[in-house]
2 protein chains.
Amino acid sequence: MDQCRVLFLPERVESTVSAGTTLLEAASAVHVPIDAPCGDRGVCGKCRVQHSALDTQHSAILESPTLAERSSLSAEELAEGWRLACQARVCGDVVVQVPERALQSAVVPLSEVRPRPNVRKLHLRIPGPTLEDPASDLTRLRRALAERGLEPVVDLPVPRELPGVLQAASGSVTAVLVGDHLATVEAGDTTARLHGLAVDLGTTSVVAILVDLVGGGVLGIESRLNGQANHGADVVSRITHASSPDGLRELQSEAARTINACLEALLEKSGVDRREIYEAVVVGNTCMNHLLLGIDPASLGRAPYQPAVTDPVDCRASDLGLEINPNGGVYTLPNVAGFVGSDTVAVILATGMHRSDQVRLAIDLGTNGEMVLGNRDRLLACSTAAGPAFEGARISCGMRATQGAIERVWIDRGEVKLQVIGGGGALGLCGSGLLDAVAQMAGAGLLNGSGRLLAPDSPRLTLTPGLARRLVDGEGGRSFLLARRGRRPVLLTQRDIRELQLAKGAIRAGISILLKEYGIGEEDIAEILLAGAFGSFISPASARAIGLIPPLPLDRITAVGNAAGQGALMALLSTELRQEAVRIARSVGYIELSASPDFSAQFMEAMGLG
Amino acid sequence: MDQCRVLFLPERVESTVSAGTTLLEAASAVHVPIDAPCGDRGVCGKCRVQHSALDTQHSAILESPTLAERSSLSAEELAEGWRLACQARVCGDVVVQVPERALQSAVVPLSEVRPRPNVRKLHLRIPGPTLEDPASDLTRLRRALAERGLEPVVDLPVPRELPGVLQAASGSVTAVLVGDHLATVEAGDTTARLHGLAVDLGTTSVVAILVDLVGGGVLGIESRLNGQANHGADVVSRITHASSPDGLRELQSEAARTINACLEALLEKSGVDRREIYEAVVVGNTCMNHLLLGIDPASLGRAPYQPAVTDPVDCRASDLGLEINPNGGVYTLPNVAGFVGSDTVAVILATGMHRSDQVRLAIDLGTNGEMVLGNRDRLLACSTAAGPAFEGARISCGMRATQGAIERVWIDRGEVKLQVIGGGGALGLCGSGLLDAVAQMAGAGLLNGSGRLLAPDSPRLTLTPGLARRLVDGEGGRSFLLARRGRRPVLLTQRDIRELQLAKGAIRAGISILLKEYGIGEEDIAEILLAGAFGSFISPASARAIGLIPPLPLDRITAVGNAAGQGALMALLSTELRQEAVRIARSVGYIELSASPDFSAQFMEAMGLG
């Protein structure tokens, strides 16, 4: 069995993953926020969950307990089905009971969101017209709505569809309201079928989550590379392309096409009809937000970097080419500033930072790194261009976190151990593997404080023969050989290390400036939240080791998964939370790092691996 | 000079017409409602106007006074420039002062409409962003609007256009509001250029009026045959075609194309930019309303004939393919019922029937005849399919009221006199000529009470030799020869007379049922208002003579021109009047003639010419 189904209780959320995936990864994929503060090492024991077979015919549903699990759980507990989510790997269909204490406090669980979606359905019975009262179809529909206390604005498609719909079901009609608009009507009672789409539109990756707005359950998650990537890996090259002839239109339709590709896969797997998806809530950085909306992001490319729009935009799906119900709506969460977009607002919403007493630091790691610091009283945000290193780009053997990517690296008593996605041979190195490799190499003394790979014969090194053999001098300079399996050697070059140093230096400098502006020290941060597709897979220990984040105890560093997507989901489920997002966006203070006189100095300082 | 410009004061409305057109026709074309109760015969003297040259270089600006004028006006008055508008024909550019007493009381003059258009422009100066306050372009625009007390809904095009617009004019921006929506923004101060389009979408003819919404002046009027006519001349054949595959889409785009053709001509003549037309208000019968909106009118074709929609519809121009500003709006006035559409509502609005104490009868004559009877206390309406005879169709030598059409016929002491549009040879017969011809032939005893053309040798006839020669027996039965000039003889056949009898019988039967339902007699009608392109050109005396309308004194029968177009124009100029139209539509009582047990009997009775 290649694909396994994992049903999480009590949330009743199902995740379909490849065999060999850990329960924690399966949970993360569907936004079940299991807490794993030790960084997936099976040490803290916080991610304990209890499992049983989904289908009793199959017995092998999880791989055998790892050493970490055997030391953390008693034989009795193992017999009762208790496992560590970060260790247990699926090999069959499984039901997983997640105890409350295993859920992350860092992300608001979906079960706590009171569903108040912007989209509603009402089943109505419309009496037929008579010669005595030949009131129009729409008038009779309006009367039925008025009896329910509703006087919506009627969109043009409604009178177009209404005559046929009334006839098809003899006056039994379902009205679909998107906000205060009557967007469409359907024959019969379709109130049970009401879906929405939450989209995290990243510069590199696009994630779409299909949600049942009646039950509130997640029906599936799909991710695709942003099709705009043909026009450059980072935001700046997209801005440049948008200014070329037809460039903006191209980028708009590529964004839409990528979302549509995710949607297509979601529809196929879930069996949901695209016409029954009535709203998409989209978050993304400000540039992605502009491009999807067809707005020229040129002003983001030059001082003072003001966006064209920060407020939410509410438009029709057909205006943007999103292939949900064409009369459905698209709602973009508000941006904060030119380089702090609605994805950051969504992270704040999902983590509840704006409601908390504790001062927390959220870092959304991707092609851009956005950081927010603060609590209910005050929130400050900034953004730095981290470059695509964290997404595996511009790294010689870099790749995305897919089959064949080295995602974990340990150097243990002179031996290099690797964890490869899918369990086969290593084909390359993804962001979390890169971070681990550099952290472990620094720990093993292979790198000096400035990040230079030492020579195998360096007097400062005491290497095992195994490690020494891995230091290779080639045409492109010195490299470290991570793996020889697969089609080609997987090397980490000096240049790769420099790319990571630049990326992490930018992030760390941003954090320093945020702290300074906020008037607190690193030790005052109650918790660091690592968000983003990348943030949720990196090892917090490695991130701390290379100085990407301040040196807090590991139990105060939490991976919160795709918190931006989670925030989009929350806004899809609740108009109240949508209003809250607007308040958040307006209240967050924005620091433009390019205007900060300290930034360059902080950046230089933060690049080291000291 | 073929084309002459006529500037009417004090309204400052200009009409461009062919040389030879009467001042009354020129006024009617631009909705200056000069009263001419005697039916353009130069008898009542009510249409007295004073003229002067527009350009002092030319002296011949009007043809010499007619006999009627010489008997109605003193030599002194003629020297002062007084003329009868119904008699004086233009032959140069002329300024015409219309005294208040010459204006029809039957139609609300445009000068009495307080301009409160739904479209507004505001010139704003938007301060640029700074590194200290890098608020988004839209946020800065919203702040400027808020200072004026405005918080409009922002349509998607605005953030798309705003960055370029701000840059082009260094923050000098004109915001265009359509209702409570910010529809578009323009660079610089464009507040002086604000236009709208009023459209009367008839089954046969489409009239579009271009209006300057700043000054309230009419910039031009254009008319085209409705392109849907390829799919049948009447409403029923359009309904049938709409149900064929792709039929509805075809009819929708043909309606839009016809309006666009009028628009194109208006733009060319006026020099207005189509992007500076921000709203179109459209009236039409219920079927035309549905077809333009892309709504299947099938239900209008079967009992109980309920429409899909009666309320106003407010949508984007681009939704309907109208080539005004694509972000502009289209507003359709409300319908009353399946066969009493927004054109009738517009007639009521324009004539102020709903505000009057007097009980008046308005008849909008076209392919369908709509009739409204009543006053401020109660209004009743009905509709009958009059067929296309009034528009010159299905008449053997019928044609529209264009160059070469016989528009007036007199039989005077055995001689036939014709008035031909354009003054050249007769090519055919338009509706008003048809009506005159039948009325005059009946008066001369050529027709009996049942409408039969008598034989030349009938003992009941005493004919002059000239008239006798005109009675021709041919293959298709008996005919009356109206003219021999032009390419072919212009004949009026027995069948043509029957067509007119059917048409007028349907109208007159409708009037009888309205009166009965209202509980009054013909003598209680204070005034009859003849509306519609056709209604405004027919001779009230002829209409009365053939029994199309009840036998009221001529000074109580008034042609009110294209009152439907005038009503559309009023709704374009004033949102208050738009609300008034909604109240009118809801308050008018509708009589479905097909449900009336009396209709057939009344119809049979009303067909005679007795």
# chains A, B, ... in the order shown; residues from 1 in each chain; ligands from 1
>>> residues_around(residues="Asp273 of chain A", least_positions_apart="6", cutoff="10 Å", atoms="only C-alpha atoms", output="ChimeraX atom specification")
/A:193,195,267,324-325
>>> write_last_selection(atoms="C-alpha atoms", output="CSV table (one decimal), in the first residue's frame")
chain,number,residue,atom,x,y,z
A,193,ARG,CA,-23.3,20.8,0.0
A,195,HIS,CA,-17.7,24.2,0.3
A,267,LEU,CA,-12.1,17.9,-6.7
A,324,ILE,CA,-14.9,27.5,-8.3
A,325,ASN,CA,-18.6,28.4,-8.8
>>> closest_atom_pairs(of="chain B", to="chain A", cutoff="6 Å", atoms="only C-alpha atoms", output="tab-separated table")
residue	atom	partner	partner_atom	distance
B:Thr130	CA	A:Pro304	CA	5.5
B:Leu131	CA	A:Pro304	CA	4.8
B:Pro134	CA	A:Gln306	CA	4.8
B:Ala135	CA	A:Gln306	CA	5.9
B:Ser136	CA	A:Pro307	CA	4.6
B:Asp137	CA	A:Ala308	CA	4.6
B:Leu138	CA	A:Val309	CA	5.1
B:Arg160	CA	A:Ile295	CA	4.4
B:Ile295	CA	A:Arg160	CA	4.5
B:Pro304	CA	A:Leu131	CA	4.8
B:Gln306	CA	A:Pro134	CA	4.8
B:Pro307	CA	A:Ser136	CA	4.6
B:Ala308	CA	A:Asp137	CA	4.6
B:Val309	CA	A:Ser136	CA	5.1
B:Thr310	CA	A:Ser136	CA	5.9
>>> write_last_selection(atoms="C-alpha atoms", output="mmCIF file, in the first residue's frame")
data_model
loop_
_atom_site.group_PDB
_atom_site.id
_atom_site.type_symbol
_atom_site.label_atom_id
_atom_site.label_comp_id
_atom_site.auth_asym_id
_atom_site.auth_seq_id
_atom_site.Cartn_x
_atom_site.Cartn_y
_atom_site.Cartn_z
ATOM 1 C CA THR B 130 6.607 58.312 2.422
ATOM 2 C CA LEU B 131 8.896 55.862 4.155
ATOM 3 C CA PRO B 134 3.915 54.090 3.253
ATOM 4 C CA ALA B 135 0.123 53.636 3.307
ATOM 5 C CA SER B 136 -1.198 51.877 0.226
ATOM 6 C CA ASP B 137 -2.453 53.852 -2.740
ATOM 7 C CA LEU B 138 -6.002 52.739 -2.020
ATOM 8 C CA ARG B 160 -5.783 47.895 -10.678
ATOM 9 C CA ILE B 295 -32.594 36.275 -19.000
ATOM 10 C CA PRO B 304 -49.648 33.135 -16.218
ATOM 11 C CA GLN B 306 -44.986 36.092 -15.112
ATOM 12 C CA PRO B 307 -41.605 37.707 -15.817
ATOM 13 C CA ALA B 308 -38.359 36.383 -14.340
ATOM 14 C CA VAL B 309 -37.704 39.816 -12.903
ATOM 15 C CA THR B 310 -39.651 43.030 -12.387
#
>>> residues_around(residues="segment 598-602 of chain A", least_positions_apart="4", cutoff="7 Å", atoms="only C-alpha atoms", output="ChimeraX atom specification")
/A:509,593,606
>>> closest_residue(among="A:Leu500, A:Met288, A:Leu333, A:Val359", to="Gly519 of chain A", atoms="only C-alpha atoms")
A:Val359
>>> residues_around(residues="Gly608 of chain A", least_positions_apart="3", cutoff="9 Å", atoms="only C-alpha atoms", output="compact mmCIF listing (two decimals) with C-alpha atoms, in the first residue's frame")
# COMPACT_ATOMS: atom_id res chain seq x y z
CA ASN A 448 34.64 28.01 11.45
CA GLY A 449 32.71 30.89 12.98
CA SER A 450 32.57 32.78 9.70
CA GLY A 451 31.14 29.76 7.93
CA GLN A 501 24.32 32.41 5.87
CA GLY A 505 21.59 36.62 8.51
CA ILE A 546 23.10 28.26 13.35
CA GLY A 547 21.70 31.40 14.94
CA MET A 604 26.75 41.60 8.82
CA GLU A 605 26.86 40.53 12.42
>>> residues_around(residues="Gly398 of chain B", least_positions_apart="6", cutoff="12 Å", atoms="only C-alpha atoms", output="PyMOL selection string")
chain B and resi 388-392+404-407+426-435+490-493+495-497+499-500
>>> select_by_dssp(residues="segment 359-593 of chain B", states="helix (DSSP H, G or I)", output="ChimeraX atom specification")
/B:388-391,431-443,465-470,494-518,522-524,532-535,540-545,554-556,563-573,575-587,593
>>> select_by_dssp(residues="segment 203-344 of chain B", states="strand (DSSP E)", output="mmCIF file with N, CA and C atoms, in the first residue's frame")
data_model
loop_
_atom_site.group_PDB
_atom_site.id
_atom_site.type_symbol
_atom_site.label_atom_id
_atom_site.label_comp_id
_atom_site.auth_asym_id
_atom_site.auth_seq_id
_atom_site.Cartn_x
_atom_site.Cartn_y
_atom_site.Cartn_z
ATOM 1 N N SER B 205 -37.414 49.309 -32.836
ATOM 2 C CA SER B 205 -36.415 50.374 -32.897
ATOM 3 C C SER B 205 -35.759 50.589 -31.542
ATOM 4 N N VAL B 206 -34.510 50.969 -31.606
ATOM 5 C CA VAL B 206 -33.757 51.273 -30.393
ATOM 6 C C VAL B 206 -33.328 52.731 -30.485
ATOM 7 N N VAL B 207 -33.598 53.483 -29.421
ATOM 8 C CA VAL B 207 -33.214 54.887 -29.391
ATOM 9 C C VAL B 207 -32.236 55.086 -28.243
ATOM 10 N N ALA B 208 -31.127 55.746 -28.514
ATOM 11 C CA ALA B 208 -30.161 56.030 -27.448
ATOM 12 C C ALA B 208 -29.916 57.534 -27.399
ATOM 13 N N ILE B 209 -29.892 58.066 -26.185
ATOM 14 C CA ILE B 209 -29.747 59.510 -25.978
ATOM 15 C C ILE B 209 -28.502 59.742 -25.132
ATOM 16 N N LEU B 210 -27.594 60.520 -25.653
ATOM 17 C CA LEU B 210 -26.352 60.818 -24.930
ATOM 18 C C LEU B 210 -26.537 62.117 -24.147
ATOM 19 N N VAL B 211 -26.220 62.064 -22.875
ATOM 20 C CA VAL B 211 -26.491 63.203 -21.999
ATOM 21 C C VAL B 211 -25.229 63.635 -21.268
ATOM 22 N N ASP B 212 -25.084 64.924 -21.159
ATOM 23 C CA ASP B 212 -24.024 65.506 -20.332
ATOM 24 C C ASP B 212 -24.575 65.594 -18.914
ATOM 25 N N VAL B 218 -28.808 67.394 -23.535
ATOM 26 C CA VAL B 218 -28.817 66.257 -24.452
ATOM 27 C C VAL B 218 -27.791 66.544 -25.553
ATOM 28 N N LEU B 219 -26.826 65.633 -25.751
ATOM 29 C CA LEU B 219 -25.776 65.849 -26.742
ATOM 30 C C LEU B 219 -26.111 65.200 -28.075
ATOM 31 N N GLY B 220 -27.081 64.319 -28.063
ATOM 32 C CA GLY B 220 -27.432 63.679 -29.320
ATOM 33 C C GLY B 220 -28.393 62.528 -29.100
ATOM 34 N N ILE B 221 -29.086 62.185 -30.175
ATOM 35 C CA ILE B 221 -30.030 61.072 -30.138
ATOM 36 C C ILE B 221 -29.791 60.241 -31.387
ATOM 37 N N GLU B 222 -29.719 58.934 -31.231
ATOM 38 C CA GLU B 222 -29.555 58.072 -32.388
ATOM 39 C C GLU B 222 -30.544 56.917 -32.277
ATOM 40 N N SER B 223 -30.980 56.466 -33.408
ATOM 41 C CA SER B 223 -31.928 55.371 -33.435
ATOM 42 C C SER B 223 -31.458 54.337 -34.443
ATOM 43 N N ARG B 224 -31.664 53.067 -34.138
ATOM 44 C CA ARG B 224 -31.323 51.984 -35.052
ATOM 45 C C ARG B 224 -32.415 50.932 -34.972
ATOM 46 N N LEU B 225 -32.555 50.178 -36.044
ATOM 47 C CA LEU B 225 -33.447 49.021 -35.983
ATOM 48 C C LEU B 225 -32.845 47.999 -35.040
ATOM 49 N N ILE B 277 -18.500 57.777 -20.486
ATOM 50 C CA ILE B 277 -19.928 57.479 -20.291
ATOM 51 C C ILE B 277 -19.971 56.396 -19.219
ATOM 52 N N TYR B 278 -20.538 56.714 -18.073
ATOM 53 C CA TYR B 278 -20.375 55.855 -16.903
ATOM 54 C C TYR B 278 -21.638 55.090 -16.525
ATOM 55 N N GLU B 279 -22.749 55.472 -17.145
ATOM 56 C CA GLU B 279 -23.958 54.734 -16.798
ATOM 57 C C GLU B 279 -24.918 54.770 -17.968
ATOM 58 N N ALA B 280 -25.617 53.661 -18.138
ATOM 59 C CA ALA B 280 -26.707 53.610 -19.103
ATOM 60 C C ALA B 280 -27.962 53.221 -18.340
ATOM 61 N N VAL B 281 -29.036 53.974 -18.580
ATOM 62 C CA VAL B 281 -30.333 53.588 -18.027
ATOM 63 C C VAL B 281 -31.166 53.092 -19.196
ATOM 64 N N VAL B 282 -31.681 51.874 -19.056
ATOM 65 C CA VAL B 282 -32.373 51.246 -20.177
ATOM 66 C C VAL B 282 -33.831 50.991 -19.809
ATOM 67 N N VAL B 283 -34.725 51.348 -20.731
ATOM 68 C CA VAL B 283 -36.126 50.962 -20.584
ATOM 69 C C VAL B 283 -36.514 50.153 -21.824
ATOM 70 N N GLY B 284 -37.546 49.370 -21.666
ATOM 71 C CA GLY B 284 -38.023 48.564 -22.783
ATOM 72 C C GLY B 284 -39.189 47.731 -22.303
ATOM 73 N N VAL B 313 -32.597 46.156 -12.279
ATOM 74 C CA VAL B 313 -31.352 45.392 -12.217
ATOM 75 C C VAL B 313 -30.214 46.386 -12.423
ATOM 76 N N ASP B 314 -29.222 46.244 -11.585
ATOM 77 C CA ASP B 314 -28.081 47.147 -11.590
ATOM 78 C C ASP B 314 -26.862 46.268 -11.825
ATOM 79 N N CYS B 315 -26.215 46.435 -12.964
ATOM 80 C CA CYS B 315 -25.067 45.569 -13.221
ATOM 81 C C CYS B 315 -23.973 46.353 -13.925
ATOM 82 N N ARG B 316 -22.905 45.663 -14.250
ATOM 83 C CA ARG B 316 -21.788 46.330 -14.903
ATOM 84 C C ARG B 316 -21.990 46.334 -16.409
ATOM 85 N N GLY B 329 -21.939 51.414 -15.018
ATOM 86 C CA GLY B 329 -23.090 50.615 -14.635
ATOM 87 C C GLY B 329 -24.185 50.645 -15.682
ATOM 88 N N VAL B 330 -25.026 49.629 -15.637
ATOM 89 C CA VAL B 330 -26.258 49.623 -16.428
ATOM 90 C C VAL B 330 -27.405 49.424 -15.446
ATOM 91 N N TYR B 331 -28.403 50.284 -15.553
ATOM 92 C CA TYR B 331 -29.543 50.223 -14.652
ATOM 93 C C TYR B 331 -30.793 50.070 -15.506
ATOM 94 N N THR B 332 -31.563 49.028 -15.254
ATOM 95 C CA THR B 332 -32.821 48.875 -15.989
ATOM 96 C C THR B 332 -33.958 49.280 -15.069
#
>>> closest_residue(among="B:Cys287, B:Ile525, B:Val347, B:Ala568", to="Arg556 of chain B", atoms="only C-alpha atoms")
B:Ile525
>>> atom_distance(atom1="atom CA of Ala442 of chain B", atom2="atom CA of Leu609 of chain B")
7.4 Å
>>> residues_around(residues="Gly188 of chain A", least_positions_apart="4", cutoff="8 Å", atoms="only C-alpha atoms", output="list in words")
His123, Ala169, Gly171, Ser172, Val173 and Thr174 of chain A
>>> residues_around(residues="Thr66 of chain B", least_positions_apart="5", cutoff="10 Å", atoms="only C-alpha atoms", output="list in words")
Gly42, Ser71, Ser72, Arg83, Leu84, Gln87, Ala88 and Arg89 of chain B
>>> write_last_selection(atoms="C-alpha atoms", output="short mmCIF file (atom, residue, chain, number, x, y, z; two decimals), in the first residue's frame")
data_model
loop_
_atom_site.label_atom_id
_atom_site.label_comp_id
_atom_site.auth_asym_id
_atom_site.auth_seq_id
_atom_site.Cartn_x
_atom_site.Cartn_y
_atom_site.Cartn_z
CA GLY B 42 -50.89 75.24 -38.10
CA SER B 71 -52.95 83.63 -41.10
CA SER B 72 -51.94 82.85 -37.52
CA ARG B 83 -43.07 81.32 -36.28
CA LEU B 84 -45.20 78.25 -35.77
CA GLN B 87 -44.90 74.80 -39.93
CA ALA B 88 -41.48 76.43 -40.08
CA ARG B 89 -38.90 74.29 -41.88
#
>>> atom_distance(atom1="atom CA of Ser270 of chain A", atom2="atom CA of Arg12 of chain A")
15.2 Å
>>> atom_distance(atom1="atom CA of Val235 of chain B", atom2="atom CA of Arg544 of chain B")
26.9 Å
>>> decode(residues="segment 518-604 of chain A", atoms="C-alpha atoms", output="JSON list (two decimals), in the first residue's frame")
[["chain", "number", "residue", "atom", "x", "y", "z"],
["A", 518, "TYR", "CA", 9.99, 46.84, 20.73],
["A", 519, "GLY", "CA", 12.40, 47.68, 23.54],
["A", 520, "ILE", "CA", 12.95, 44.14, 24.81],
["A", 521, "GLY", "CA", 15.73, 41.58, 24.76],
["A", 522, "GLU", "CA", 15.84, 38.08, 23.32],
["A", 523, "GLU", "CA", 15.24, 36.62, 26.76],
["A", 524, "ASP", "CA", 11.91, 38.43, 26.97],
["A", 525, "ILE", "CA", 10.47, 36.37, 24.11],
["A", 526, "ALA", "CA", 8.09, 33.87, 25.71],
["A", 527, "GLU", "CA", 7.91, 31.67, 22.61],
["A", 528, "ILE", "CA", 9.19, 31.50, 19.07],
["A", 529, "LEU", "CA", 6.73, 30.22, 16.48],
["A", 530, "LEU", "CA", 8.15, 28.81, 13.28],
["A", 531, "ALA", "CA", 5.58, 29.00, 10.50],
["A", 532, "GLY", "CA", 5.47, 28.23, 6.81],
["A", 533, "ALA", "CA", 5.87, 25.05, 4.84],
["A", 534, "PHE", "CA", 9.56, 25.30, 5.57],
["A", 535, "GLY", "CA", 9.28, 26.51, 9.15],
["A", 536, "SER", "CA", 7.23, 23.52, 10.13],
["A", 537, "PHE", "CA", 9.77, 21.00, 8.89],
["A", 538, "ILE", "CA", 13.02, 22.47, 10.10],
["A", 539, "SER", "CA", 14.63, 21.29, 13.28],
["A", 540, "PRO", "CA", 14.23, 24.02, 15.89],
["A", 541, "ALA", "CA", 17.51, 22.88, 17.41],
["A", 542, "SER", "CA", 19.35, 23.40, 14.13],
["A", 543, "ALA", "CA", 17.69, 26.75, 13.58],
["A", 544, "ARG", "CA", 18.88, 27.78, 16.99],
["A", 545, "ALA", "CA", 22.33, 26.25, 16.48],
["A", 546, "ILE", "CA", 23.10, 28.26, 13.35],
["A", 547, "GLY", "CA", 21.70, 31.40, 14.94],
["A", 548, "LEU", "CA", 18.70, 31.75, 12.63],
["A", 549, "ILE", "CA", 16.66, 32.33, 15.77],
["A", 550, "PRO", "CA", 17.61, 33.55, 19.23],
["A", 551, "PRO", "CA", 18.94, 30.95, 21.67],
["A", 552, "LEU", "CA", 15.75, 30.13, 23.57],
["A", 553, "PRO", "CA", 15.21, 26.78, 25.32],
["A", 554, "LEU", "CA", 13.78, 24.25, 22.83],
["A", 555, "ASP", "CA", 10.50, 23.95, 24.70],
["A", 556, "ARG", "CA", 9.89, 27.62, 23.85],
["A", 557, "ILE", "CA", 10.35, 27.04, 20.12],
["A", 558, "THR", "CA", 7.31, 25.64, 18.32],
["A", 559, "ALA", "CA", 6.73, 24.69, 14.73],
["A", 560, "VAL", "CA", 3.21, 25.79, 13.90],
["A", 561, "GLY", "CA", 2.93, 24.35, 10.40],
["A", 562, "ASN", "CA", 1.33, 26.32, 7.62],
["A", 563, "ALA", "CA", -0.13, 28.89, 10.00],
["A", 564, "ALA", "CA", -0.87, 31.22, 7.08],
["A", 565, "GLY", "CA", -3.04, 28.55, 5.46],
["A", 566, "GLN", "CA", -4.62, 27.88, 8.84],
["A", 567, "GLY", "CA", -5.41, 31.60, 9.17],
["A", 568, "ALA", "CA", -6.98, 31.61, 5.71],
["A", 569, "LEU", "CA", -9.05, 28.62, 6.75],
["A", 570, "MET", "CA", -10.23, 30.40, 9.87],
["A", 571, "ALA", "CA", -11.23, 33.46, 7.87],
["A", 572, "LEU", "CA", -13.07, 31.18, 5.46],
["A", 573, "LEU", "CA", -15.00, 29.65, 8.33],
["A", 574, "SER", "CA", -15.81, 32.84, 10.20],
["A", 575, "THR", "CA", -16.69, 36.35, 9.11],
["A", 576, "GLU", "CA", -15.99, 37.49, 12.65],
["A", 577, "LEU", "CA", -12.40, 36.32, 12.28],
["A", 578, "ARG", "CA", -12.30, 38.14, 8.95],
["A", 579, "GLN", "CA", -13.13, 41.35, 10.76],
["A", 580, "GLU", "CA", -10.50, 40.45, 13.32],
["A", 581, "ALA", "CA", -7.96, 40.11, 10.50],
["A", 582, "VAL", "CA", -8.79, 43.64, 9.35],
["A", 583, "ARG", "CA", -8.23, 44.94, 12.87],
["A", 584, "ILE", "CA", -4.94, 43.04, 13.06],
["A", 585, "ALA", "CA", -3.70, 44.43, 9.75],
["A", 586, "ARG", "CA", -4.50, 47.97, 10.84],
["A", 587, "SER", "CA", -2.90, 47.61, 14.25],
["A", 588, "VAL", "CA", 0.38, 45.94, 13.32],
["A", 589, "GLY", "CA", 3.27, 48.40, 13.30],
["A", 590, "TYR", "CA", 5.47, 47.99, 10.27],
["A", 591, "ILE", "CA", 9.20, 48.47, 10.23],
["A", 592, "GLU", "CA", 10.75, 49.07, 6.83],
["A", 593, "LEU", "CA", 14.17, 47.49, 7.26],
["A", 594, "SER", "CA", 15.61, 49.32, 4.29],
["A", 595, "ALA", "CA", 14.88, 52.53, 6.16],
["A", 596, "SER", "CA", 16.50, 51.25, 9.35],
["A", 597, "PRO", "CA", 20.00, 52.64, 9.81],
["A", 598, "ASP", "CA", 20.95, 49.58, 11.92],
["A", 599, "PHE", "CA", 20.00, 46.92, 9.41],
["A", 600, "SER", "CA", 23.27, 46.59, 7.49],
["A", 601, "ALA", "CA", 25.34, 46.33, 10.64],
["A", 602, "GLN", "CA", 22.97, 43.80, 12.19],
["A", 603, "PHE", "CA", 22.96, 41.81, 8.98],
["A", 604, "MET", "CA", 26.75, 41.60, 8.82]]
